[in-house]
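The structure under discussion appears below in the form of structure tokens.
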Number of protein chains: 2
Amino acid sequence: MPRTAVVALGGNAITREGQSGTHSEQAANARAMAAAVCSLRDAGWQVVLVHGNGPQVGNLVIQQDEAAHEVPPLPLFCLDAMTEGQLGSLLTLALHEQAGDTLPGVVSVVTHVVVSPDDPAFTHPAKPIGPFLDREQADRLAAGGRWQVAEDAGRGYRRVVASPQPLDIVETEAIRALVDRGMIVTAAGGGGVPVVAEGRGYRGIDAVIDKDLAAQQLAQSLDAGALVLVTDVDQVLLDFGSPQQRPVTELTADEAQRHLDDGQFPEGSMGPKVRAAIGFVRGGGQAAVITSAQRAVRSLDGEPHPDDEVGTRIVAERVRLEGIS
Amino acid sequence: MPRTAVVALGGNAITREGQSGTHSEQAANARAMAAAVCSLRDAGWQVVLVHGNGPQVGNLVIQQDEAAHEVPPLPLFCLDAMTEGQLGSLLTLALHEQAGDTLPGVVSVVTHVVVSPDDPAFTHPAKPIGPFLDREQADRLAAGGRWQVAEDAGRGYRRVVASPQPLDIVETEAIRALVDRGMIVTAAGGGGVPVVAEGRGYRGIDAVIDKDLAAQQLAQSLDAGALVLVTDVDQVLLDFGSPQQRPVTELTADEAQRHLDDGQFPEGSMGPKVRAAIGFVRGGGQAAVITSAQRAVRSLDGEPHPDDEVGTRIVAERVRLEGIS
């Protein structure tokens with residue numbers, strides 16, 4: 001039975017900074033991600049892939065608003081579900097192309113993630129989505145009642161939505177059944193469709209869950225061996241932007257927590273990754289890795305590598321591991 | 001091991017004639033469908049649910065076009081994938097609410113369906129999607145190059161897209177694994193994301209596959225015991241609209257084929273259902289049923305019922321069955 005790695009990649013990995021989000025851009029980026037996933041697979045890992053949806057749900061929001069005079073806009077949680085379908089399909093096709101017939105299968109599961117209706121994120125929505133707006137656009141949107149708008153550090157205004165803490169993955173057993181068959185599974189895309197328990201079932205709720213935290217929750221639910229948080233940089237940097245800036249190869253959860261408390265990792269970027277990594281190893285996971293797609297395999301293959309070929313590993317306690325099993 | 005029924009329901013069952021497609025309309029309609037599915041389940045059937053996406057993909061097309069000056073429109077096959085996510089989530093939540101904890105699980109799989117690039121549907125796109133247009137709108141759209149437009153019997157113009165024959169379901173083994181665990185699975189939504197084989201994998205291709213034919217293909221791939229084609233009417237009507245109009249309780253595949261050849265069943269409504277039913281029983285399936293959600297269970301429960309309580313059953317040969325096993 002191979003070990004399982006849950007791999008989280010950003011919506012920015014699929015529509016990159018400065019790209020507008022055409023299908024050919026997305027397909028080319030998905031191809032690069034699929035190559036990294038297949039390398040992990042070749043190194044003996046079962047892979048569950050979690051993707052973000054920031055740029056894509058931002059585009060959907062614009063389209064829904066622009067056509068509102070003709071087509072009733074759907075709630076935000078429905079747009080999350082749409083991005084699960086679209087990006088799940090995109091990644092499935094990229095993985096088939098990369099892996100060919102060498103796999104028992106590739107499959108994307110529409111995933112629902114339970115949150116608390118009392119999560120403070122619902123009273124203080126803080127996750128920006130969609131494009132920057134000028135003051136006039138912002139006032140108009142806010143007056144419409146569908147969106148809250150906040151100023152973003154001098155760069156203009158943006159829609160802000162709640163980003164609550166994921167508590168449970170509704171489709172855990174389905175995902176486990178597929179992983180057990182040896183399939184590469186895409187799940188909890190865009191952080192999953194946020195739901196709250198209600199009656200005998202669940203009700204969708206408007207939010208965008210952080211995909212790194214959703215990946216952490218999924219990794220714990222699946223008892224995965226590793227959580228891989230893919231980002232643009234090879235390693236976590238300490239004292240970023242200062243003369244003391246330095247990459248770091250290994251952190252214990254306690255060390256990472258101290259740096260987080262010191263404000264080393266900004267919310268919107270490295271913060272959620274470090275929090276997800278800490279949560280995973282404190283919840284019993286063996287190791288979390290924060291790194292680039294290029295270094296993901298070497299960070300997990302159990303071979304000794306120089307520090308400048310691996311990512312940043314977050315572990316429960318400092319033990320020089322010969323690999324993660 | 002319970003028997004498996006593949007149940008196809010129209011996109012019109014989720015956004016009804018005259019509705020605009022708000023989320024609360026969709027959720028109420030999904031609830032009614034979920035009740036029918038759970039009754040089938042209570043009668044001892046494993047259920048795989050296939051939904052259409054006509055009204056929903058039509059709305060997405062409008063939104064994509066209206067915001068094209070700001071957001072690059074995605075290809076049609078990506079919009080199919082979006083409707084799989086959105087409607088798969090909608091039905092999953094409705095099924096949870098209906099079934100509560102009585103099930104091992106409910107799950108929606110983003111499904112890809114293989115078609116031939118040489119299917120004549122690609123040179124003669126004939127499936128209308130989206131709203132009716134006037135001549136000026138139609139000319140402008142056609143000139144844009146993204147859409148073909150055709151006149152629809154005096155009611156105006158509509159976008160027309162290819163609707164090729166489904167040949168294979170890429171995710172068959174994943175769906176089978178989930179059904180084997182006792183889960184209710186939503187799959188091939190909107191007819192699935194159309195793909196053609198290319199290189200080691202598949203390439204998306206712009207089309208909307210008929211959901212009844214996709215359901216037939218999926219039922220065959222899964223060796224399902226029954227194919228249930230849910231529609232607005234309780235039974236198939238012969239000589240529709242004439243003084244000889246009459247409902248029919250059972251047809252052999254040969255009889256159904258003769259009526260089809262006689263032009264009894266218009267394309268765009270009953271035609272694809274009858275063709276799917278014939279294909280299923282000729283491919284080795286035991287029986288297909290065309291009926292309303294209300295009559296689905298009594299049509300399959302193996303008990304003797306009066307003709308006015310069941311649907312229309314299509315069988316390979318006329319045998320008075322005491323049920324389908």
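Letters for chains follow the order of the structure tokens (A, B, ...), residue numbers begin at 1 for each chain, and ligand numbers begin at 1 in the order shown.
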
Transformed chain A, reference chain B, full Cα set in order, as a short mmCIF file (atom, residue, chain, number, x, y, z; two decimals) with C-alpha atoms, in the first residue's frame:
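Contents of the output file out16.cif:
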data_model
loop_
_atom_site.label_atom_id
_atom_site.label_comp_id
_atom_site.auth_asym_id
_atom_site.auth_seq_id
_atom_site.Cartn_x
_atom_site.Cartn_y
_atom_site.Cartn_z
CA MET A 1 -25.08 -6.87 -3.97
CA PRO A 2 -27.99 -4.58 -4.91
CA ARG A 3 -28.90 -4.03 -8.54
CA THR A 4 -27.86 -0.76 -10.14
CA ALA A 5 -30.19 1.66 -11.91
CA VAL A 6 -28.83 4.57 -13.92
CA VAL A 7 -31.36 7.39 -13.68
CA ALA A 8 -31.28 10.29 -16.16
CA LEU A 9 -33.08 13.52 -15.42
CA GLY A 10 -33.35 16.59 -17.58
CA GLY A 11 -31.71 19.94 -16.96
CA ASN A 12 -35.33 21.06 -17.31
CA ALA A 13 -36.14 19.09 -14.18
CA ILE A 14 -33.81 21.42 -12.26
CA THR A 15 -34.66 24.71 -14.00
CA ARG A 16 -38.25 24.28 -15.17
CA GLU A 17 -39.91 25.85 -18.20
CA GLY A 18 -40.57 29.49 -17.41
CA GLN A 19 -38.15 29.63 -14.48
CA SER A 20 -35.11 31.88 -14.75
CA GLY A 21 -32.72 29.57 -12.92
CA THR A 22 -32.32 31.12 -9.47
CA HIS A 23 -30.64 28.97 -6.86
CA SER A 24 -33.78 28.60 -4.77
CA GLU A 25 -35.76 27.33 -7.79
CA GLN A 26 -32.97 24.86 -8.54
CA ALA A 27 -32.70 23.69 -4.92
CA ALA A 28 -36.46 23.09 -4.63
CA ASN A 29 -36.52 21.07 -7.87
CA ALA A 30 -33.42 19.10 -6.83
CA ARG A 31 -35.17 18.22 -3.57
CA ALA A 32 -38.08 16.68 -5.48
CA MET A 33 -35.67 14.64 -7.64
CA ALA A 34 -33.72 13.52 -4.57
CA ALA A 35 -36.93 12.17 -3.04
CA ALA A 36 -37.53 10.02 -6.14
CA VAL A 37 -33.95 8.75 -6.10
CA CYS A 38 -34.17 7.84 -2.41
CA SER A 39 -37.41 5.93 -3.03
CA LEU A 40 -35.61 3.86 -5.68
CA ARG A 41 -32.82 3.29 -3.21
CA ASP A 42 -35.33 2.20 -0.55
CA ALA A 43 -36.72 -0.27 -3.10
CA GLY A 44 -33.32 -1.95 -3.21
CA TRP A 45 -31.59 -0.21 -6.12
CA GLN A 46 -28.14 1.31 -6.19
CA VAL A 47 -28.58 4.58 -8.04
CA VAL A 48 -26.27 6.43 -10.40
CA LEU A 49 -27.77 9.80 -11.29
CA VAL A 50 -27.15 11.58 -14.62
CA HIS A 51 -28.52 15.09 -15.07
CA GLY A 52 -28.91 17.35 -18.08
CA ASN A 53 -27.58 20.91 -18.27
CA GLY A 54 -29.54 22.63 -21.06
CA PRO A 55 -30.89 25.68 -19.21
CA GLN A 56 -27.79 25.97 -17.01
CA VAL A 57 -25.17 25.85 -19.76
CA GLY A 58 -27.38 28.27 -21.70
CA ASN A 59 -27.16 30.73 -18.80
CA LEU A 60 -23.38 30.28 -18.52
CA VAL A 61 -23.00 31.02 -22.21
CA ILE A 62 -24.83 34.34 -21.79
CA GLN A 63 -22.67 35.28 -18.81
CA GLN A 64 -19.46 34.39 -20.64
CA ASP A 65 -20.46 36.42 -23.69
CA GLU A 66 -21.71 39.45 -21.73
CA ALA A 67 -18.45 39.81 -19.81
CA ALA A 68 -16.16 38.96 -22.74
CA HIS A 69 -14.69 42.48 -22.73
CA GLU A 70 -13.34 41.85 -19.20
CA VAL A 71 -12.92 38.07 -18.83
CA PRO A 72 -11.81 35.69 -21.60
CA PRO A 73 -14.71 33.30 -22.37
CA LEU A 74 -13.83 29.64 -21.80
CA PRO A 75 -14.53 26.93 -24.39
CA LEU A 76 -17.92 25.21 -24.26
CA PHE A 77 -16.49 21.95 -22.88
CA CYS A 78 -15.20 23.91 -19.86
CA LEU A 79 -18.73 25.26 -19.32
CA ASP A 80 -20.01 21.67 -19.38
CA ALA A 81 -17.49 20.92 -16.61
CA MET A 82 -18.75 23.92 -14.63
CA THR A 83 -22.31 22.64 -14.77
CA GLU A 84 -21.09 19.23 -13.59
CA GLY A 85 -19.62 20.93 -10.53
CA GLN A 86 -22.59 23.17 -9.81
CA LEU A 87 -25.41 20.69 -10.43
CA GLY A 88 -23.43 17.80 -8.94
CA SER A 89 -23.10 19.82 -5.75
CA LEU A 90 -26.78 20.81 -5.83
CA LEU A 91 -27.94 17.20 -6.17
CA THR A 92 -25.43 15.94 -3.59
CA LEU A 93 -26.77 18.40 -1.01
CA ALA A 94 -30.39 17.52 -1.88
CA LEU A 95 -29.65 13.79 -1.51
CA HIS A 96 -27.92 14.28 1.85
CA GLU A 97 -30.92 16.24 3.10
CA GLN A 98 -33.28 13.52 1.93
CA ALA A 99 -31.29 10.48 3.02
CA GLY A 100 -29.52 11.79 6.12
CA ASP A 101 -27.14 9.26 7.63
CA THR A 102 -28.89 6.24 6.09
CA LEU A 103 -26.35 6.00 3.26
CA PRO A 104 -22.69 5.06 3.03
CA GLY A 105 -22.30 8.25 1.05
CA VAL A 106 -23.34 10.54 -1.75
CA VAL A 107 -20.75 11.75 -4.22
CA SER A 108 -20.50 13.60 -7.51
CA VAL A 109 -17.79 12.69 -10.03
CA VAL A 110 -16.61 15.09 -12.76
CA THR A 111 -17.03 12.81 -15.77
CA HIS A 112 -15.44 12.88 -19.23
CA VAL A 113 -17.17 11.20 -22.15
CA VAL A 114 -15.29 10.10 -25.26
CA VAL A 115 -16.72 11.05 -28.66
CA SER A 116 -15.35 10.71 -32.19
CA PRO A 117 -13.80 13.80 -33.81
CA ASP A 118 -15.39 12.51 -37.04
CA ASP A 119 -18.91 12.45 -35.60
CA PRO A 120 -21.17 14.13 -38.20
CA ALA A 121 -22.59 16.29 -35.40
CA PHE A 122 -19.43 18.41 -35.59
CA THR A 123 -20.08 19.39 -39.19
CA HIS A 124 -23.82 19.81 -38.63
CA PRO A 125 -24.30 21.25 -35.13
CA ALA A 126 -28.00 20.97 -34.33
CA LYS A 127 -28.52 21.14 -30.56
CA PRO A 128 -29.92 24.57 -29.59
CA ILE A 129 -28.66 26.13 -26.34
CA GLY A 130 -29.27 29.45 -24.66
CA PRO A 131 -32.08 31.94 -25.22
CA PHE A 132 -33.96 32.85 -28.36
CA LEU A 133 -32.36 35.69 -30.30
CA ASP A 134 -33.67 38.17 -32.84
CA ARG A 135 -32.16 38.38 -36.32
CA GLU A 136 -29.78 41.20 -35.42
CA GLN A 137 -28.44 39.44 -32.31
CA ALA A 138 -28.10 36.22 -34.30
CA ASP A 139 -26.11 37.90 -37.08
CA ARG A 140 -23.80 39.58 -34.57
CA LEU A 141 -23.14 36.32 -32.72
CA ALA A 142 -22.53 34.37 -35.91
CA ALA A 143 -20.13 37.05 -37.16
CA GLY A 144 -18.14 36.76 -33.90
CA GLY A 145 -17.06 33.27 -34.96
CA ARG A 146 -17.55 31.71 -31.52
CA TRP A 147 -21.05 30.44 -32.23
CA GLN A 148 -23.12 28.94 -34.99
CA VAL A 149 -26.70 30.13 -35.04
CA ALA A 150 -29.79 28.52 -36.57
CA GLU A 151 -33.43 29.47 -36.96
CA ASP A 152 -35.78 27.59 -34.66
CA ALA A 153 -39.15 26.99 -36.35
CA GLY A 154 -40.42 30.56 -36.46
CA ARG A 155 -39.62 31.22 -32.80
CA GLY A 156 -36.40 33.09 -33.58
CA TYR A 157 -32.74 32.11 -33.66
CA ARG A 158 -30.61 30.17 -31.18
CA ARG A 159 -26.99 29.15 -30.76
CA VAL A 160 -26.56 25.57 -32.00
CA VAL A 161 -23.80 23.25 -30.85
CA ALA A 162 -22.65 19.76 -31.80
CA SER A 163 -24.20 16.88 -29.87
CA PRO A 164 -22.06 13.84 -30.79
CA GLN A 165 -22.70 10.21 -29.87
CA PRO A 166 -21.06 9.16 -26.57
CA LEU A 167 -18.67 6.22 -27.09
CA ASP A 168 -17.01 5.63 -23.72
CA ILE A 169 -17.04 6.94 -20.14
CA VAL A 170 -13.51 7.80 -18.95
CA GLU A 171 -14.37 7.51 -15.23
CA THR A 172 -16.22 4.16 -15.40
CA GLU A 173 -13.92 2.38 -12.92
CA ALA A 174 -14.05 5.24 -10.43
CA ILE A 175 -17.86 5.33 -10.58
CA ARG A 176 -18.00 1.54 -10.19
CA ALA A 177 -15.73 1.69 -7.13
CA LEU A 178 -18.06 4.21 -5.48
CA VAL A 179 -21.24 2.31 -6.37
CA ASP A 180 -19.61 -0.85 -4.97
CA ARG A 181 -19.25 0.99 -1.64
CA GLY A 182 -23.00 1.60 -1.63
CA MET A 183 -22.81 5.28 -2.49
CA ILE A 184 -25.31 7.23 -4.60
CA VAL A 185 -23.18 8.67 -7.40
CA THR A 186 -23.93 11.65 -9.63
CA ALA A 187 -21.96 11.28 -12.87
CA ALA A 188 -21.84 12.33 -16.53
CA GLY A 189 -23.79 15.46 -15.59
CA GLY A 190 -24.85 17.51 -18.59
CA GLY A 191 -23.88 14.49 -20.67
CA GLY A 192 -20.31 14.77 -19.33
CA VAL A 193 -17.35 16.80 -20.60
CA PRO A 194 -16.89 15.76 -24.27
CA VAL A 195 -13.34 14.62 -25.11
CA VAL A 196 -11.60 12.96 -28.04
CA ALA A 197 -8.67 10.58 -27.65
CA GLU A 198 -5.40 12.35 -28.39
CA GLY A 199 -1.82 11.28 -27.77
CA ARG A 200 -1.61 9.45 -24.45
CA GLY A 201 -4.78 11.07 -23.16
CA TYR A 202 -7.77 13.17 -24.17
CA ARG A 203 -8.53 16.65 -25.45
CA GLY A 204 -11.72 18.55 -24.61
CA ILE A 205 -13.94 19.32 -27.59
CA ASP A 206 -16.79 21.82 -27.85
CA ALA A 207 -20.13 20.03 -27.74
CA VAL A 208 -23.00 19.17 -25.42
CA ILE A 209 -23.66 15.44 -25.27
CA ASP A 210 -27.27 14.32 -24.86
CA LYS A 211 -27.64 13.26 -21.25
CA ASP A 212 -29.99 10.35 -22.06
CA LEU A 213 -27.43 8.86 -24.46
CA ALA A 214 -24.60 9.47 -21.95
CA ALA A 215 -26.71 7.71 -19.31
CA GLN A 216 -27.23 4.78 -21.68
CA GLN A 217 -23.47 4.52 -22.29
CA LEU A 218 -22.76 4.71 -18.56
CA ALA A 219 -25.43 2.08 -17.81
CA GLN A 220 -23.83 -0.27 -20.34
CA SER A 221 -20.31 0.39 -19.06
CA LEU A 222 -21.47 -0.38 -15.51
CA ASP A 223 -23.56 -3.42 -16.54
CA ALA A 224 -26.49 -1.74 -14.82
CA GLY A 225 -29.76 -3.66 -14.46
CA ALA A 226 -31.98 -0.77 -15.50
CA LEU A 227 -31.90 2.57 -17.26
CA VAL A 228 -34.54 5.04 -16.06
CA LEU A 229 -35.20 8.05 -18.28
CA VAL A 230 -37.15 10.55 -16.21
CA THR A 231 -39.33 13.01 -18.07
CA ASP A 232 -42.41 15.21 -17.60
CA VAL A 233 -44.88 12.58 -18.78
CA ASP A 234 -45.84 9.34 -17.07
CA GLN A 235 -45.72 7.21 -20.21
CA VAL A 236 -44.64 7.47 -23.82
CA LEU A 237 -47.56 8.59 -26.00
CA LEU A 238 -48.15 7.19 -29.46
CA ASP A 239 -49.82 9.33 -32.15
CA PHE A 240 -49.26 12.35 -29.93
CA GLY A 241 -51.73 15.18 -30.53
CA SER A 242 -54.03 13.11 -32.73
CA PRO A 243 -57.42 11.55 -31.83
CA GLN A 244 -55.56 8.20 -31.66
CA GLN A 245 -53.17 9.49 -28.97
CA ARG A 246 -52.56 6.72 -26.38
CA PRO A 247 -50.07 5.91 -23.66
CA VAL A 248 -48.09 2.69 -23.94
CA THR A 249 -46.88 0.48 -21.08
CA GLU A 250 -44.44 -1.79 -22.83
CA LEU A 251 -42.55 -1.76 -26.13
CA THR A 252 -39.98 -4.15 -27.48
CA ALA A 253 -36.86 -2.54 -28.89
CA ASP A 254 -38.04 -3.46 -32.39
CA GLU A 255 -41.45 -1.87 -31.86
CA ALA A 256 -39.86 1.25 -30.42
CA GLN A 257 -37.46 1.42 -33.37
CA ARG A 258 -40.38 1.20 -35.83
CA HIS A 259 -42.22 4.05 -34.08
CA LEU A 260 -38.99 6.07 -34.07
CA ASP A 261 -38.51 5.44 -37.81
CA ASP A 262 -42.15 6.49 -38.35
CA GLY A 263 -41.33 9.90 -36.82
CA GLN A 264 -43.47 9.33 -33.71
CA PHE A 265 -40.86 10.83 -31.37
CA PRO A 266 -39.45 14.30 -32.04
CA GLU A 267 -35.65 14.82 -31.75
CA GLY A 268 -35.23 17.46 -28.99
CA SER A 269 -37.65 15.63 -26.62
CA MET A 270 -38.78 11.98 -26.70
CA GLY A 271 -36.49 10.91 -29.56
CA PRO A 272 -33.18 10.67 -27.64
CA LYS A 273 -34.92 8.89 -24.75
CA VAL A 274 -36.37 6.20 -27.00
CA ARG A 275 -33.03 5.83 -28.80
CA ALA A 276 -31.20 5.52 -25.46
CA ALA A 277 -33.72 2.91 -24.27
CA ILE A 278 -33.39 0.87 -27.47
CA GLY A 279 -29.59 1.07 -27.34
CA PHE A 280 -29.54 -0.08 -23.74
CA VAL A 281 -31.69 -3.20 -24.17
CA ARG A 282 -30.04 -4.09 -27.51
CA GLY A 283 -26.66 -3.77 -25.76
CA GLY A 284 -27.71 -6.41 -23.23
CA GLY A 285 -29.50 -4.27 -20.62
CA GLN A 286 -32.61 -5.91 -19.16
CA ALA A 287 -35.08 -3.05 -19.33
CA ALA A 288 -35.24 0.68 -19.81
CA VAL A 289 -38.11 2.74 -18.42
CA ILE A 290 -39.32 6.13 -19.65
CA THR A 291 -41.52 7.76 -17.03
CA SER A 292 -42.09 10.59 -14.55
CA ALA A 293 -40.21 10.87 -11.24
CA GLN A 294 -43.45 9.89 -9.46
CA ARG A 295 -43.79 6.57 -11.28
CA ALA A 296 -40.11 5.58 -11.35
CA VAL A 297 -40.23 3.31 -8.29
CA ARG A 298 -43.43 1.49 -9.20
CA SER A 299 -42.00 0.91 -12.66
CA LEU A 300 -39.04 -0.95 -11.16
CA ASP A 301 -40.14 -2.49 -7.87
CA GLY A 302 -41.08 -5.82 -9.38
CA GLU A 303 -44.61 -5.71 -7.99
CA PRO A 304 -47.60 -5.99 -10.32
CA HIS A 305 -49.20 -2.57 -10.79
CA PRO A 306 -52.01 -1.32 -13.05
CA ASP A 307 -50.82 0.29 -16.27
CA ASP A 308 -51.80 3.75 -15.04
CA GLU A 309 -49.34 3.54 -12.14
CA VAL A 310 -46.21 2.63 -14.10
CA GLY A 311 -44.15 4.11 -16.93
CA THR A 312 -43.27 2.81 -20.37
CA ARG A 313 -40.90 -0.12 -20.29
CA ILE A 314 -38.69 -0.93 -23.28
CA VAL A 315 -37.52 -4.53 -23.33
CA ALA A 316 -35.48 -6.69 -25.72
CA GLU A 317 -38.34 -9.14 -26.21
CA ARG A 318 -41.89 -9.32 -24.95
CA VAL A 319 -41.92 -11.36 -21.76
CA ARG A 320 -44.28 -10.46 -18.96
CA LEU A 321 -41.62 -9.80 -16.33
CA GLU A 322 -42.38 -9.96 -12.64
CA GLY A 323 -39.76 -7.27 -12.09
CA ILE A 324 -36.26 -6.52 -13.19
CA SER A 325 -33.41 -8.25 -11.46
#

Check region 85-149 of chain A with DSSP on the backbone and list each residue it calls strand (DSSP E), as a CSV table (one decimal) with N, CA, C and O atoms, in the first residue's frame.
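Output file states09.csv is given in full below:
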chain,number,residue,atom,x,y,z
A,106,VAL,N,-7.6,8.4,-13.0
A,106,VAL,CA,-7.6,9.8,-12.6
A,106,VAL,C,-9.0,10.3,-12.4
A,106,VAL,O,-9.8,10.0,-13.3
A,107,VAL,N,-9.3,10.9,-11.3
A,107,VAL,CA,-10.7,11.3,-11.1
A,107,VAL,C,-10.8,12.5,-10.2
A,107,VAL,O,-10.0,12.8,-9.4
A,108,SER,N,-11.8,13.3,-10.5
A,108,SER,CA,-12.1,14.6,-9.8
A,108,SER,C,-13.4,14.4,-9.1
A,108,SER,O,-14.4,14.1,-9.7
A,109,VAL,N,-13.4,14.7,-7.8
A,109,VAL,CA,-14.6,14.6,-6.9
A,109,VAL,C,-15.1,16.0,-6.5
A,109,VAL,O,-14.3,16.7,-5.9
A,110,VAL,N,-16.3,16.3,-6.7
A,110,VAL,CA,-16.9,17.5,-6.2
A,110,VAL,C,-17.0,17.4,-4.7
A,110,VAL,O,-17.7,16.5,-4.2
A,112,HIS,N,-17.4,18.8,-0.7
A,112,HIS,CA,-18.1,19.7,0.3
A,112,HIS,C,-17.3,19.7,1.6
A,112,HIS,O,-16.9,18.7,2.1
A,113,VAL,N,-17.1,20.9,2.1
A,113,VAL,CA,-16.3,21.1,3.3
A,113,VAL,C,-17.1,21.8,4.4
A,113,VAL,O,-17.7,22.8,4.1
A,114,VAL,N,-17.2,21.1,5.5
A,114,VAL,CA,-18.0,21.6,6.6
A,114,VAL,C,-17.3,22.8,7.4
A,114,VAL,O,-16.1,22.6,7.7
A,127,LYS,N,-11.2,37.8,2.9
A,127,LYS,CA,-10.5,37.3,1.8
A,127,LYS,C,-10.9,38.0,0.5
A,127,LYS,O,-12.1,38.0,0.1
A,128,PRO,N,-10.0,38.8,-0.1
A,128,PRO,CA,-10.3,39.5,-1.3
A,128,PRO,C,-10.5,38.6,-2.5
A,128,PRO,O,-9.7,37.6,-2.7
A,129,ILE,N,-11.5,38.8,-3.3
A,129,ILE,CA,-11.6,38.0,-4.6
A,129,ILE,C,-12.0,39.0,-5.7
A,129,ILE,O,-12.5,40.1,-5.5
A,130,GLY,N,-11.7,38.6,-6.9
A,130,GLY,CA,-12.0,39.4,-8.1
A,130,GLY,C,-11.0,40.6,-8.3
A,130,GLY,O,-10.0,40.7,-7.5
A,131,PRO,N,-11.3,41.4,-9.2
A,131,PRO,CA,-10.4,42.5,-9.6
A,131,PRO,C,-10.4,43.7,-8.7
A,131,PRO,O,-11.3,43.8,-7.8
A,132,PHE,N,-9.4,44.5,-8.8
A,132,PHE,CA,-9.4,45.8,-8.1
A,132,PHE,C,-10.4,46.7,-8.7
A,132,PHE,O,-10.7,46.7,-9.9
A,133,LEU,N,-11.1,47.5,-7.8
A,133,LEU,CA,-12.1,48.4,-8.2
A,133,LEU,C,-11.8,49.8,-7.8
A,133,LEU,O,-11.1,50.0,-6.8
A,148,GLN,N,-19.6,42.5,0.0
A,148,GLN,CA,-18.9,43.5,0.9
A,148,GLN,C,-17.6,43.9,0.2
A,148,GLN,O,-17.0,43.0,-0.5
A,149,VAL,N,-17.2,45.1,0.4
A,149,VAL,CA,-16.0,45.6,-0.3
A,149,VAL,C,-15.1,46.2,0.7
A,149,VAL,O,-15.5,46.8,1.7

Just asking: which residues within region 117-146 of chain B are helix (DSSP H, G or I) according to DSSP, as a compact mmCIF listing (two decimals) with N, CA, C and O atoms, in the first residue's frame?
# COMPACT_ATOMS: atom_id res chain seq x y z
N PRO B 120 -20.53 13.15 -37.29
CA PRO B 120 -21.15 14.15 -38.19
C PRO B 120 -21.76 15.34 -37.45
O PRO B 120 -21.96 16.40 -38.05
N ALA B 121 -22.03 15.18 -36.15
CA ALA B 121 -22.59 16.31 -35.38
C ALA B 121 -21.66 17.52 -35.42
O ALA B 121 -22.12 18.66 -35.30
N PHE B 122 -20.33 17.29 -35.59
CA PHE B 122 -19.41 18.43 -35.58
C PHE B 122 -19.51 19.25 -36.87
O PHE B 122 -19.22 20.44 -36.87
N ARG B 135 -33.00 38.51 -35.15
CA ARG B 135 -32.13 38.39 -36.32
C ARG B 135 -30.81 39.16 -36.14
O ARG B 135 -29.73 38.67 -36.47
N GLU B 136 -30.93 40.35 -35.57
CA GLU B 136 -29.75 41.21 -35.43
C GLU B 136 -28.74 40.59 -34.45
O GLU B 136 -27.54 40.51 -34.72
N GLN B 137 -29.28 40.14 -33.30
CA GLN B 137 -28.40 39.47 -32.32
C GLN B 137 -27.75 38.23 -32.94
O GLN B 137 -26.58 37.95 -32.72
N ALA B 138 -28.55 37.48 -33.69
CA ALA B 138 -28.07 36.24 -34.30
C ALA B 138 -26.93 36.53 -35.28
O ALA B 138 -25.89 35.86 -35.26
N ASP B 139 -27.12 37.56 -36.11
CA ASP B 139 -26.10 37.91 -37.09
C ASP B 139 -24.80 38.34 -36.40
O ASP B 139 -23.70 37.98 -36.82
N ARG B 140 -24.96 39.10 -35.30
CA ARG B 140 -23.78 39.59 -34.60
C ARG B 140 -23.00 38.41 -33.98
O ARG B 140 -21.79 38.32 -34.08
N LEU B 141 -23.75 37.50 -33.35
CA LEU B 141 -23.10 36.33 -32.73
C LEU B 141 -22.39 35.48 -33.77
O LEU B 141 -21.24 35.06 -33.57
N ALA B 142 -23.08 35.23 -34.88
CA ALA B 142 -22.50 34.37 -35.92
C ALA B 142 -21.24 35.01 -36.48
O ALA B 142 -20.24 34.33 -36.75
N ALA B 143 -21.25 36.35 -36.62
CA ALA B 143 -20.09 37.05 -37.16
C ALA B 143 -18.91 36.97 -36.20
O ALA B 143 -17.75 37.02 -36.62
N GLY B 144 -19.19 36.83 -34.91
CA GLY B 144 -18.12 36.76 -33.91
C GLY B 144 -17.27 35.50 -34.03
O GLY B 144 -16.16 35.46 -33.52
